[in-house]
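Structure below is final.csv: CSV, C-alpha atoms.
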chain,number,residue,atom,x,y,z
A,1126,MET,CA,22.0,79.4,39.1
A,1127,ALA,CA,24.0,76.3,40.0
A,1128,LYS,CA,27.0,77.5,38.0
A,1129,ASN,CA,26.9,80.9,39.7
A,1130,GLN,CA,26.8,79.2,43.1
A,1131,GLU,CA,29.7,77.0,42.1
A,1132,ALA,CA,31.7,80.1,41.0
A,1133,VAL,CA,31.0,81.8,44.3
A,1134,GLU,CA,32.1,78.7,46.3
A,1135,LYS,CA,35.3,78.4,44.2
A,1136,HIS,CA,36.1,82.0,44.7
A,1137,ARG,CA,35.6,81.7,48.4
A,1138,ASP,CA,37.7,78.5,48.6
A,1139,THR,CA,40.5,80.2,46.6
A,1140,LYS,CA,40.5,83.2,49.0
A,1141,ALA,CA,40.7,80.9,52.0
A,1142,LEU,CA,43.6,79.0,50.4
A,1143,LEU,CA,45.4,82.2,49.6
A,1144,SER,CA,45.0,83.3,53.2
A,1145,VAL,CA,46.7,80.2,54.4
A,1146,LEU,CA,49.5,80.4,51.7
A,1147,ASP,CA,50.1,84.1,52.4
A,1148,ALA,CA,50.5,83.5,56.1
A,1149,ALA,CA,52.9,80.6,55.5
A,1150,ASP,CA,54.9,82.4,52.7
A,1151,GLN,CA,55.6,85.4,55.0
A,1152,MET,CA,57.3,83.3,57.7
A,1153,PRO,CA,61.1,83.7,57.7
A,1154,SER,CA,61.5,79.9,57.3
A,1155,ALA,CA,59.4,80.0,54.1
A,1156,THR,CA,61.4,83.0,52.7
A,1157,ARG,CA,64.7,81.0,53.4
A,1158,LEU,CA,63.2,77.9,51.7
A,1159,ARG,CA,62.3,79.8,48.6
A,1160,ALA,CA,65.7,81.4,48.4
A,1161,ARG,CA,67.3,77.9,48.8
A,1162,SER,CA,65.2,76.6,45.9
A,1163,TYR,CA,66.4,79.5,43.7
A,1164,GLU,CA,70.0,78.8,44.6
A,1165,LEU,CA,69.6,75.2,43.6
A,1166,LEU,CA,68.2,76.2,40.2
A,1167,SER,CA,71.7,77.7,39.4
A,1168,LEU,CA,70.1,80.6,37.7
A,1169,VAL,CA,71.5,81.8,34.4
A,1170,PRO,CA,70.8,85.5,33.6
A,1171,ASP,CA,68.0,86.0,30.9
A,1172,SER,CA,67.3,82.3,30.7
A,1173,THR,CA,63.7,80.9,31.0
A,1174,VAL,CA,62.6,79.5,34.3
A,1175,VAL,CA,59.2,77.9,34.8
A,1176,ASP,CA,57.4,77.9,38.2
A,1177,VAL,CA,54.9,75.1,37.9
A,1178,GLY,CA,51.8,75.4,40.1
A,1179,CYS,CA,52.7,79.0,40.7
A,1180,GLY,CA,49.6,79.9,42.7
A,1181,ALA,CA,49.5,83.6,43.4
A,1182,GLY,CA,52.8,84.1,41.8
A,1183,ARG,CA,55.2,85.2,44.6
A,1184,ALA,CA,58.0,83.0,43.4
A,1185,VAL,CA,57.6,84.2,39.8
A,1186,ALA,CA,58.1,87.8,40.8
A,1187,GLU,CA,61.1,86.9,43.0
A,1188,LEU,CA,62.7,84.9,40.2
A,1189,ALA,CA,62.2,87.7,37.8
A,1190,GLY,CA,63.9,90.0,40.3
A,1191,ARG,CA,66.9,87.7,40.1
A,1192,GLY,CA,67.4,88.4,36.4
A,1193,VAL,CA,65.7,85.5,34.6
A,1194,HIS,CA,62.7,85.3,32.4
A,1195,ALA,CA,60.3,83.7,34.8
A,1196,VAL,CA,57.0,82.2,33.7
A,1197,GLY,CA,54.3,81.0,36.1
A,1198,VAL,CA,52.1,78.1,35.2
A,1199,ASP,CA,49.0,76.9,37.0
A,1200,PRO,CA,45.8,75.0,36.0
A,1201,ASP,CA,43.6,77.1,38.3
A,1202,GLN,CA,42.2,80.2,36.6
A,1203,TRP,CA,41.2,81.7,39.9
A,1204,MET,CA,44.7,81.5,41.3
A,1205,LEU,CA,46.1,82.9,38.0
A,1206,GLY,CA,43.7,85.8,38.3
A,1207,ALA,CA,45.1,86.6,41.8
A,1208,ALA,CA,48.6,86.3,40.4
A,1209,ARG,CA,48.0,88.7,37.5
A,1210,GLU,CA,46.4,91.2,39.9
A,1211,ARG,CA,49.3,91.0,42.3
A,1212,TRP,CA,52.1,90.9,39.8
A,1213,PRO,CA,50.9,92.7,36.6
A,1214,ALA,CA,54.4,92.8,35.1
A,1215,ALA,CA,54.9,89.0,35.3
A,1216,GLU,CA,54.0,86.3,32.8
A,1217,PHE,CA,51.5,83.6,33.7
A,1218,ARG,CA,50.0,80.8,31.6
A,1219,GLU,CA,47.1,78.4,32.4
A,1220,ALA,CA,48.3,74.7,32.1
A,1221,GLY,CA,48.8,71.6,34.2
A,1222,ALA,CA,52.1,70.0,35.2
A,1223,GLU,CA,51.5,67.1,32.8
A,1224,ASP,CA,51.1,69.2,29.7
A,1225,LEU,CA,53.3,72.4,29.7
A,1226,PRO,CA,53.1,75.0,26.9
A,1227,PHE,CA,56.8,75.0,26.1
A,1228,ALA,CA,58.8,73.5,23.3
A,1229,ASP,CA,61.3,70.6,23.8
A,1230,GLY,CA,64.5,71.8,25.5
A,1231,SER,CA,63.4,75.4,25.6
A,1232,VAL,CA,63.7,76.0,29.4
A,1233,ARG,CA,66.7,76.3,31.6
A,1234,GLY,CA,65.0,76.0,35.0
A,1235,TYR,CA,62.0,74.1,36.4
A,1236,ARG,CA,60.6,74.7,39.8
A,1237,ALA,CA,57.5,73.1,41.5
A,1238,ASP,CA,56.7,74.0,45.1
A,1239,LYS,CA,53.8,72.2,47.0
A,1240,VAL,CA,52.5,70.7,43.7
A,1241,PHE,CA,53.3,67.0,43.4
A,1242,HIS,CA,51.2,65.9,46.3
A,1243,VAL,CA,48.0,66.8,44.4
A,1244,LEU,CA,49.0,64.9,41.2
A,1245,GLN,CA,47.7,61.4,40.5
A,1246,GLU,CA,50.7,60.5,38.4
A,1247,PRO,CA,53.7,62.6,39.4
A,1248,GLY,CA,55.9,60.5,37.1
A,1249,ARG,CA,54.1,62.1,34.1
A,1250,ALA,CA,55.0,65.6,35.4
A,1251,VAL,CA,58.6,64.6,35.8
A,1252,ALA,CA,58.7,63.3,32.2
A,1253,GLU,CA,57.2,66.6,31.0
A,1254,ALA,CA,59.8,68.6,33.0
A,1255,ARG,CA,62.5,66.5,31.4
A,1256,ARG,CA,61.0,67.2,27.9
A,1257,ILE,CA,61.1,71.0,28.2
A,1258,LEU,CA,64.5,71.3,30.0
A,1259,CYS,CA,67.6,71.8,27.9
A,1260,PRO,CA,70.7,69.8,28.5
A,1261,GLY,CA,72.2,71.0,31.8
A,1262,GLY,CA,68.9,72.5,32.9
A,1263,ARG,CA,68.0,72.3,36.5
A,1264,ILE,CA,64.8,71.0,38.2
A,1265,VAL,CA,63.9,71.8,41.8
A,1266,LEU,CA,61.0,70.2,43.7
A,1267,VAL,CA,59.8,71.5,47.0
A,1268,GLY,CA,57.0,70.0,49.1
A,1269,GLN,CA,55.8,68.7,52.4
A,1270,ASP,CA,55.1,65.1,53.2
A,1271,TRP,CA,51.4,65.1,54.3
A,1272,ASP,CA,51.8,62.0,56.5
A,1273,ALA,CA,54.6,63.7,58.5
A,1274,LEU,CA,52.9,66.9,59.8
A,1275,MET,CA,53.5,67.4,63.5
A,1276,ILE,CA,50.9,69.2,65.6
A,1277,ASP,CA,51.1,69.6,69.4
A,1278,SER,CA,47.8,68.4,70.9
A,1279,ASP,CA,46.4,66.9,74.1
A,1280,ASP,CA,44.9,64.1,71.9
A,1281,ALA,CA,47.8,62.6,70.0
A,1282,ALA,CA,45.7,59.7,68.6
A,1283,LEU,CA,43.0,61.9,67.2
A,1284,THR,CA,45.6,64.2,65.7
A,1285,ARG,CA,47.2,61.3,63.9
A,1286,THR,CA,43.8,60.2,62.6
A,1287,ILE,CA,43.1,63.7,61.3
A,1288,VAL,CA,46.5,64.1,59.7
A,1289,HIS,CA,46.4,60.7,58.0
A,1290,ALA,CA,42.8,61.0,56.9
A,1291,ARG,CA,43.5,64.3,55.2
A,1292,ALA,CA,46.6,62.9,53.6
A,1293,GLU,CA,44.7,60.0,52.0
A,1294,LEU,CA,42.4,62.5,50.2
A,1295,LEU,CA,45.3,63.8,48.2
A,1296,GLY,CA,46.7,62.4,44.9
A,1297,THR,CA,50.2,61.5,46.2
A,1298,PRO,CA,50.4,62.6,49.8
A,1299,ARG,CA,53.9,61.2,50.3
A,1300,ALA,CA,55.4,62.6,47.1
A,1301,GLY,CA,58.1,64.5,49.1
A,1302,ARG,CA,59.8,61.4,50.2
A,1303,GLN,CA,59.5,60.0,46.7
A,1304,TYR,CA,61.2,63.0,44.9
A,1305,ARG,CA,64.6,61.3,44.7
A,1306,ASN,CA,63.3,58.1,43.0
A,1307,LEU,CA,61.0,60.1,40.8
A,1308,LEU,CA,63.9,62.1,39.4
A,1309,LEU,CA,66.2,59.1,39.0
A,1310,ASP,CA,63.4,57.2,37.2
A,1311,GLY,CA,62.9,60.3,35.0
A,1312,GLY,CA,66.4,60.2,33.8
A,1313,PHE,CA,67.9,63.1,35.8
A,1314,SER,CA,71.4,63.1,37.2
A,1315,ASP,CA,73.2,64.7,40.1
A,1316,VAL,CA,70.1,64.2,42.3
A,1317,SER,CA,70.3,65.8,45.8
A,1318,VAL,CA,67.7,65.8,48.6
A,1319,GLU,CA,67.4,68.1,51.6
A,1320,VAL,CA,64.8,68.3,54.4
A,1321,HIS,CA,64.0,71.7,56.0
A,1322,THR,CA,61.5,71.7,58.9
A,1323,SER,CA,59.4,74.8,59.3
A,1324,VAL,CA,57.9,75.5,62.8
A,1325,PHE,CA,54.8,77.6,63.0
A,1326,THR,CA,53.5,79.1,66.3
A,1327,ASP,CA,51.6,82.1,64.8
A,1328,PRO,CA,47.8,81.9,65.3
A,1329,LYS,CA,47.4,82.8,61.6
A,1330,MET,CA,48.1,79.2,60.9
A,1331,LEU,CA,45.0,78.0,62.6
A,1332,SER,CA,43.3,78.1,59.2
A,1333,LEU,CA,45.6,75.3,58.1
A,1334,LEU,CA,44.2,73.1,60.8
A,1335,THR,CA,40.7,73.8,59.7
A,1336,ARG,CA,41.7,72.7,56.3
A,1337,LEU,CA,42.9,69.4,57.8
A,1338,ALA,CA,40.0,68.7,60.1
A,1339,GLU,CA,37.1,69.6,57.9
A,1340,PRO,CA,37.9,67.1,55.1
A,1341,ALA,CA,38.7,64.4,57.7
A,1342,CYS,CA,35.3,65.0,59.2
A,1343,THR,CA,33.5,65.0,55.8
A,1344,SER,CA,35.2,61.8,54.8
A,1345,GLY,CA,33.9,60.1,58.0
A,1346,ALA,CA,37.3,59.5,59.5
A,1347,VAL,CA,36.4,61.5,62.6
A,1348,GLY,CA,33.0,62.7,64.0
A,1349,ARG,CA,31.8,66.2,64.0
A,1350,ASP,CA,32.1,66.5,67.7
A,1351,GLN,CA,35.7,65.2,67.6
A,1352,ALA,CA,36.7,67.7,64.9
A,1353,ASP,CA,35.1,70.6,66.7
A,1354,GLU,CA,36.7,69.8,70.0
A,1355,TRP,CA,40.1,69.3,68.4
A,1356,LEU,CA,39.9,72.7,66.7
A,1357,ALA,CA,38.6,74.3,69.9
A,1358,GLU,CA,41.7,72.9,71.7
A,1359,GLN,CA,44.0,74.4,69.0
A,1360,ARG,CA,42.3,77.8,69.3
A,1361,ARG,CA,42.8,77.7,73.1
A,1362,ARG,CA,46.4,76.9,72.5
A,1363,ALA,CA,46.8,79.8,70.1
A,1364,GLU,CA,45.2,82.2,72.6
A,1365,ALA,CA,47.6,81.0,75.3
A,1366,ASP,CA,50.7,81.1,73.0
A,1367,ARG,CA,51.0,77.3,73.2
A,1368,PHE,CA,50.3,76.6,69.5
A,1369,LEU,CA,52.8,74.6,67.4
A,1370,ILE,CA,52.9,72.9,64.0
A,1371,ALA,CA,56.1,71.5,62.5
A,1372,ILE,CA,56.2,70.6,58.8
A,1373,PRO,CA,59.2,68.9,57.1
A,1374,PHE,CA,59.7,70.1,53.5
A,1375,PHE,CA,61.7,68.0,51.1
A,1376,VAL,CA,63.8,69.9,48.6
A,1377,ALA,CA,65.1,67.8,45.7
A,1378,ALA,CA,67.3,69.1,42.8
A,1379,ALA,CA,68.8,67.5,39.7
A,1380,SER,CA,70.3,68.2,36.3
A,1381,ALA,CA,68.9,67.2,32.9
A,1382,SER,CA,71.4,65.4,30.7
A,1383,ALA,CA,71.2,65.3,26.9
A,1384,GLN,CA,68.2,63.4,25.6
A,1385,THR,CA,68.9,60.2,23.6
A,1386,TYR,CA,66.4,59.1,21.0

Could I get this structure in the form of structure tokens?
Amino acid sequence: MAKNQEAVEKHRDTKALLSVLDAADQMPSATRLRARSYELLSLVPDSTVVDVGCGAGRAVAELAGRGVHAVGVDPDQWMLGAARERWPAAEFREAGAEDLPFADGSVRGYRADKVFHVLQEPGRAVAEARRILCPGGRIVLVGQDWDALMIDSDDAALTRTIVHARAELLGTPRAGRQYRNLLLDGGFSDVSVEVHTSVFTDPKMLSLLTRLAEPACTSGAVGRDQADEWLAEQRRRAEADRFLIAIPFFVAAASASAQTY
């Protein structure tokens, strides 16, 4: 009975997360950001490109449409189920970023979007990326800095508390600003870093704020009344077309040189 309840809750949480991701992915700024990440991969026709933490698989399908053999990898079987349902012609595998199911030097491109902030040891994931990439292969990391979310609110102090409290519940919430050093430490060359700020004013993104406030409340960083009033204010803003979230996304790219043993 407990396992069935756990499965139901997991399915519900996955659907809620997919709703947030779908709303964000359909924004023009997100479409441009994905296109930029593909450009930085310097795609070679028919080569293998891995999208790590692929979620529901949108990038895998888009990469395949650009003429490469795209493979989506994700540790979440529920997400992979959604990906396979949405993109039945695409290839997906269940695995974590620290242990990828590819031979040494067998991959030409590696992409991870909104992944490294949930990892406890992102350096291990970078080392694994380095292992599977061939000489000259490209790695592109995309992700937000969870301490840097900007949300317009009447209560700036409470907003900062909620944002920071939610950030501290993640594995590596400031991974975005660490991308450059992670890649350099991992032996990559030609490292570049860009920042693209996405601005969201669509009420569909209210669900993201719920996913910020509820964990902050559960952790004890803010009280139930505070969280409820903050969310109510954001709903009022959305109804009055005064809603705004700005999220800076770091985009880092680098090349793999020949391994030395």

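One distance worth recording is that between atom CA of A:Asp1315 and atom CA of A:Gly1261, which is 10.5 Å.
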
| said: So the first atom is atom CA of A:Phe1325 and the second is atom CA of A:Phe1368; what is the distance between them in Å, to one decimal place? | reply: 8.0 Å

Please identify every residue of stretch 1316-1355 of chain A that has at least one atom no farther than 8 Å from an atom of stretch 1282-1299 of chain A, counting all atoms listed in the file, and for each give the shortest atom pair and the distance in Å to one decimal, arranged by chain then increasing number, as CSV.
residue,atom,partner,partner_atom,distance
A:Leu1337,CA,A:Arg1291,CA,5.8
A:Ala1338,CA,A:Ile1287,CA,6.0
A:Pro1340,CA,A:Arg1291,CA,6.3
A:Ala1341,CA,A:Ala1290,CA,5.4
A:Ser1344,CA,A:Ala1290,CA,7.9
A:Ala1346,CA,A:Ala1290,CA,6.3
A:Val1347,CA,A:Ile1287,CA,7.2
A:Trp1355,CA,A:Thr1284,CA,8.0

| said: Between A:Arg1255, A:Arg1183, A:Arg1191, A:Arg1233, which residue has the minimum interatomic distance to A:Pro1213, considering only C-alpha atoms? | reply: A:Arg1183

| task | Please identify all polymer residues within 8 Å of A:Leu1274, counting only C-alpha atoms, omitting same-chain residues fewer than 3 positions from it, and present them as a ChimeraX atom specification. | result | /A:1270-1271,1288,1370-1373

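Using all atoms listed in the file, the nearest neighbour of A:Ala1250 within the list A:Gly1182, A:Gly1197, A:Gly1234, A:Gly1311 is A:Gly1311.
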
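Picture a line from atom CA of A:Leu1166 to atom CA of A:Leu1266; it runs 10.0 Å.
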
For A:Ala1195: contacts at 9 Å, only C-alpha atoms, fewer than 4 positions along chain excluded, given as a PDB file with C-alpha atoms, in the frame of the given file:
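Okay, result.pdb is ready:
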ATOM      1  CA  ASP A1171      68.000  86.000  30.900  1.00  0.00           C
ATOM      2  CA  SER A1172      67.300  82.300  30.700  1.00  0.00           C
ATOM      3  CA  THR A1173      63.700  80.900  31.000  1.00  0.00           C
ATOM      4  CA  VAL A1174      62.600  79.500  34.300  1.00  0.00           C
ATOM      5  CA  VAL A1175      59.200  77.900  34.800  1.00  0.00           C
ATOM      6  CA  ASP A1176      57.400  77.900  38.200  1.00  0.00           C
ATOM      7  CA  ALA A1184      58.000  83.000  43.400  1.00  0.00           C
ATOM      8  CA  VAL A1185      57.600  84.200  39.800  1.00  0.00           C
ATOM      9  CA  ALA A1186      58.100  87.800  40.800  1.00  0.00           C
ATOM     10  CA  GLU A1187      61.100  86.900  43.000  1.00  0.00           C
ATOM     11  CA  LEU A1188      62.700  84.900  40.200  1.00  0.00           C
ATOM     12  CA  ALA A1189      62.200  87.700  37.800  1.00  0.00           C
ATOM     13  CA  ALA A1215      54.900  89.000  35.300  1.00  0.00           C
ATOM     14  CA  GLU A1216      54.000  86.300  32.800  1.00  0.00           C
ATOM     15  CA  PHE A1217      51.500  83.600  33.700  1.00  0.00           C
TER      16      PHE A1217
END

Report as a tab-separated table (two decimals) with C-alpha atoms, in the frame of the given file all protein, DNA and RNA residues lying within 12 Å of A:Arg1218, evaluated on all atoms listed in the file, omitting residues in the same chain fewer than 5 positions from it.
chain	number	residue	atom	x	y	z
A	1175	VAL	CA	59.20	77.90	34.80
A	1176	ASP	CA	57.40	77.90	38.20
A	1177	VAL	CA	54.90	75.10	37.90
A	1178	GLY	CA	51.80	75.40	40.10
A	1179	CYS	CA	52.70	79.00	40.70
A	1180	GLY	CA	49.60	79.90	42.70
A	1182	GLY	CA	52.80	84.10	41.80
A	1185	VAL	CA	57.60	84.20	39.80
A	1195	ALA	CA	60.30	83.70	34.80
A	1196	VAL	CA	57.00	82.20	33.70
A	1197	GLY	CA	54.30	81.00	36.10
A	1198	VAL	CA	52.10	78.10	35.20
A	1199	ASP	CA	49.00	76.90	37.00
A	1200	PRO	CA	45.80	75.00	36.00
A	1201	ASP	CA	43.60	77.10	38.30
A	1202	GLN	CA	42.20	80.20	36.60
A	1204	MET	CA	44.70	81.50	41.30
A	1205	LEU	CA	46.10	82.90	38.00
A	1206	GLY	CA	43.70	85.80	38.30
A	1208	ALA	CA	48.60	86.30	40.40
A	1209	ARG	CA	48.00	88.70	37.50
A	1224	ASP	CA	51.10	69.20	29.70
A	1225	LEU	CA	53.30	72.40	29.70
A	1226	PRO	CA	53.10	75.00	26.90
A	1227	PHE	CA	56.80	75.00	26.10

| query | Which of these, A:Arg1211, A:Glu1319, A:Phe1374, A:Ala1181, has the shortest distance to A:Asp1272 once you count all atoms listed in the file? | reply | A:Phe1374

Do you know which residues are at most 10 Å from stretch 1300-1302 of chain A counting only C-alpha atoms, after dropping those on the same chain fewer than 2 positions away, and could you put them as a CSV table (one decimal) with C-alpha atoms, in the frame of the given file?
chain,number,residue,atom,x,y,z
A,1239,LYS,CA,53.8,72.2,47.0
A,1240,VAL,CA,52.5,70.7,43.7
A,1241,PHE,CA,53.3,67.0,43.4
A,1242,HIS,CA,51.2,65.9,46.3
A,1243,VAL,CA,48.0,66.8,44.4
A,1244,LEU,CA,49.0,64.9,41.2
A,1247,PRO,CA,53.7,62.6,39.4
A,1266,LEU,CA,61.0,70.2,43.7
A,1267,VAL,CA,59.8,71.5,47.0
A,1268,GLY,CA,57.0,70.0,49.1
A,1269,GLN,CA,55.8,68.7,52.4
A,1270,ASP,CA,55.1,65.1,53.2
A,1271,TRP,CA,51.4,65.1,54.3
A,1296,GLY,CA,46.7,62.4,44.9
A,1297,THR,CA,50.2,61.5,46.2
A,1298,PRO,CA,50.4,62.6,49.8
A,1304,TYR,CA,61.2,63.0,44.9
A,1305,ARG,CA,64.6,61.3,44.7
A,1306,ASN,CA,63.3,58.1,43.0
A,1307,LEU,CA,61.0,60.1,40.8
A,1318,VAL,CA,67.7,65.8,48.6
A,1320,VAL,CA,64.8,68.3,54.4
A,1373,PRO,CA,59.2,68.9,57.1
A,1374,PHE,CA,59.7,70.1,53.5
A,1375,PHE,CA,61.7,68.0,51.1
A,1376,VAL,CA,63.8,69.9,48.6
A,1377,ALA,CA,65.1,67.8,45.7

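Of the residues listed (A:Arg1336, A:His1194, A:Glu1253, A:Ala1365), A:Glu1253 shows the shortest atom-to-atom separation from A:Gly1221; distances use only C-alpha atoms.
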
| message | Give me the residues near stretch 1145-1160 of chain A as a PyMOL selection string, where near means some atom within 8 Å (using all atoms listed in the file) and where sequence neighbours in that chain fewer than 4 positions away do not count. | response | chain A and resi 1141+1164+1184+1321+1323-1324+1329-1330+1332-1333

| field | Nearest to A:Arg1362, chosen from A:Leu1308, A:Ile1257, A:Cys1342, A:Ile1276, with only C-alpha atoms counted in the distances | value | A:Ile1276

| task | Give the answer as one residue: which of A:Val1193, A:Ala1254, A:Ala1381, A:Ala1357 has the shortest atom-to-atom distance to A:Ala1228, using all atoms listed in the file? | result | A:Ala1254
